[in-house]
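Data first, discussion second: the structure below is written as structure tokens.
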Amino acid sequence: MREAPRPAAGGGKPREVHSADDGKNAPHVASLPVSVQTAVDLIAERTRHSGRECGSCSLCCRVLEISELTKPAHTWSRHCRPGKGGCSIYADRPPVCRGFACLWLLDANCPEHWFPQRARMVIHEMVQHGERTITINVEQRYFERWREEPYYSDIRRLALRGLKQSNGDRFATRVVVGARSWLILPHREIELSAGDCGVFVPVGPDKFEWIKVRSRADAEQLIAITEALAAEIRRDPAAVVERK
């Protein structure tokens, strides 16, 4: 599966990631780091390029929590008419809904099997604390769907692509099913607890590990130490080997 085109991979630096829901595992419609009108304009531009429409799909109105509508996750919005025209307040829907679109809708390179109504999953981007996360919210009634093919292989490839990106475009990949969530690595997944915090560290070609730490401050300290060591290795690899 391909995400929207991004700059070429590079860097190989460690990256911090927090539990993307800030201590809650319920899936949220994320606030975008831009104005609502900017988000609406970006969505319009990207859907014009993708040529896709929601059509009969309203799954985001079920699997995501929408606090502005007092709607918990995995229940239909009271304003949604699934299969019968979708949102009944579409023209007056709240800003958080206006600024949301799934990646299947935005990116023509996202395979057709990721159409949410077919996949029973909503794949979308979240930005919190300046960190990008591609989140896959799975409908609870189909809780094992993300482990089925071709989705499982797609998710692992997406995780590798995200971790190989240069710093400004790097992203984590996460799967959320009800109150449970998993951080996805290219070779394994890690179930998260509320408030978990850690650092991605490259440990080999196309291989990354996630080191859990106690706090953001500890994560930043670990990043600084690792980056300093990487810089020293680049300057004089032999000296580092001799010091061992």
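Quick note on naming: the chains in the structure tokens go A, B, ... in the order shown, residues restart at 1 in each chain, and ligands are numbered from 1 in order of appearance.
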
What are the closest atom pairs, with distances in Å to one decimal, for all residues of range 114-200 of chain A lying within 7 Å of range 213-221 of chain A? Consider only C-alpha atoms, order rows by chain and residue number, and present the result as a tab-separated table.
```
residue	atom	partner	partner_atom	distance
A:Cys197	CA	A:Val213	CA	5.8
A:Gly198	CA	A:Val213	CA	5.1
A:Val199	CA	A:Ala219	CA	6.1
```

Practice item. Please return as a list in words: the residues of range 71-140 of chain A that backbone DSSP assigns to helix (DSSP H, G or I). Key: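 Taking range 71-140 of chain A and keeping helix (DSSP H, G or I) gives Tyr90, Ala91, Asp92, Pro95, Val96, Cys97, Arg98, Leu103, Trp104, Leu105, Leu106, Glu112, His113, Trp114, Pro116, Gln117, Arg118, Ala119 and Gln140 of chain A.
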
Study note, to complete from the structure: In Å and to one decimal, CA of Pro95 in chain A is distant from CA of Val177 in chain A by 25.0 Å

Practice item. Report as number ranges by chain: the residues of range 114-198 of chain A with a DSSP assignment of strand (DSSP E), based on the backbone of this structure. Key: A: 121-128, 131-138, 171-177, 180-184, 189-192, 197-198

**Study point:** Test item: residues at most 12 Å from Tyr152 in chain A, only C-alpha atoms, excluding those fewer than 2 positions along its chain, as a list in words
**Key:** Met1, Trp114, Ala119, Ile136, Glu144, Arg145, Trp146, Arg147, Glu148, Glu149, Pro150, Asp154, Ile155, Arg156, Arg157, Leu158, Ala159, Val175, Ile184, Leu185, Pro186, His187, Arg188 and Glu189 of chain A

**Study point:** Residue nearest Ser58 in chain A among A:Ala101, A:Ala108, A:Val138, A:Cys80 (counting only C-alpha atoms)
**Key:** A:Cys80

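With only C-alpha atoms taken into account, the protein and nucleic acid residues at most 12 Å from Val203 in chain A (excluding it and anything under 2 positions from it in its own chain) are Gly12, Lys13, Pro14, Leu163, Pro186, Phe200, Val201, Pro205, Asp206, Lys207, Phe208, Glu209, Trp210, Ile211, Thr226 and Ala230 of chain A.
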
Practice item. Quick one: pull the distance between CA of Glu131 in chain A and CA of Ser193 in chain A, Å, one decimal. Key: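 That distance, rounded to one decimal, is 18.2 Å.
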
Check your understanding: Of the residues A:Cys57, A:Leu103, A:Ile66, A:Cys97, which is the one nearest to Gly85 in chain A, using only C-alpha atoms?
Key -> A:Cys57

Review point. Looking at only C-alpha atoms, which of A:Ala73, A:Ala91, A:Val36, A:Ala194 is the one that sits closest to Ser181 in chain A?
Key: A:Ala194

Exercise for review: List the neighbours of Arg132 in chain A out to 9 Å using only C-alpha atoms; skip same-chain residues closer than 5 positions along the sequence, and give me the result as a list in words.
Suggested key: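 Using only C-alpha atoms, the neighbours found are Val17, Ala20, Glu125, Met126, Val127, Asp169, Arg170, Phe171, Ala172 and Thr173 of chain A.
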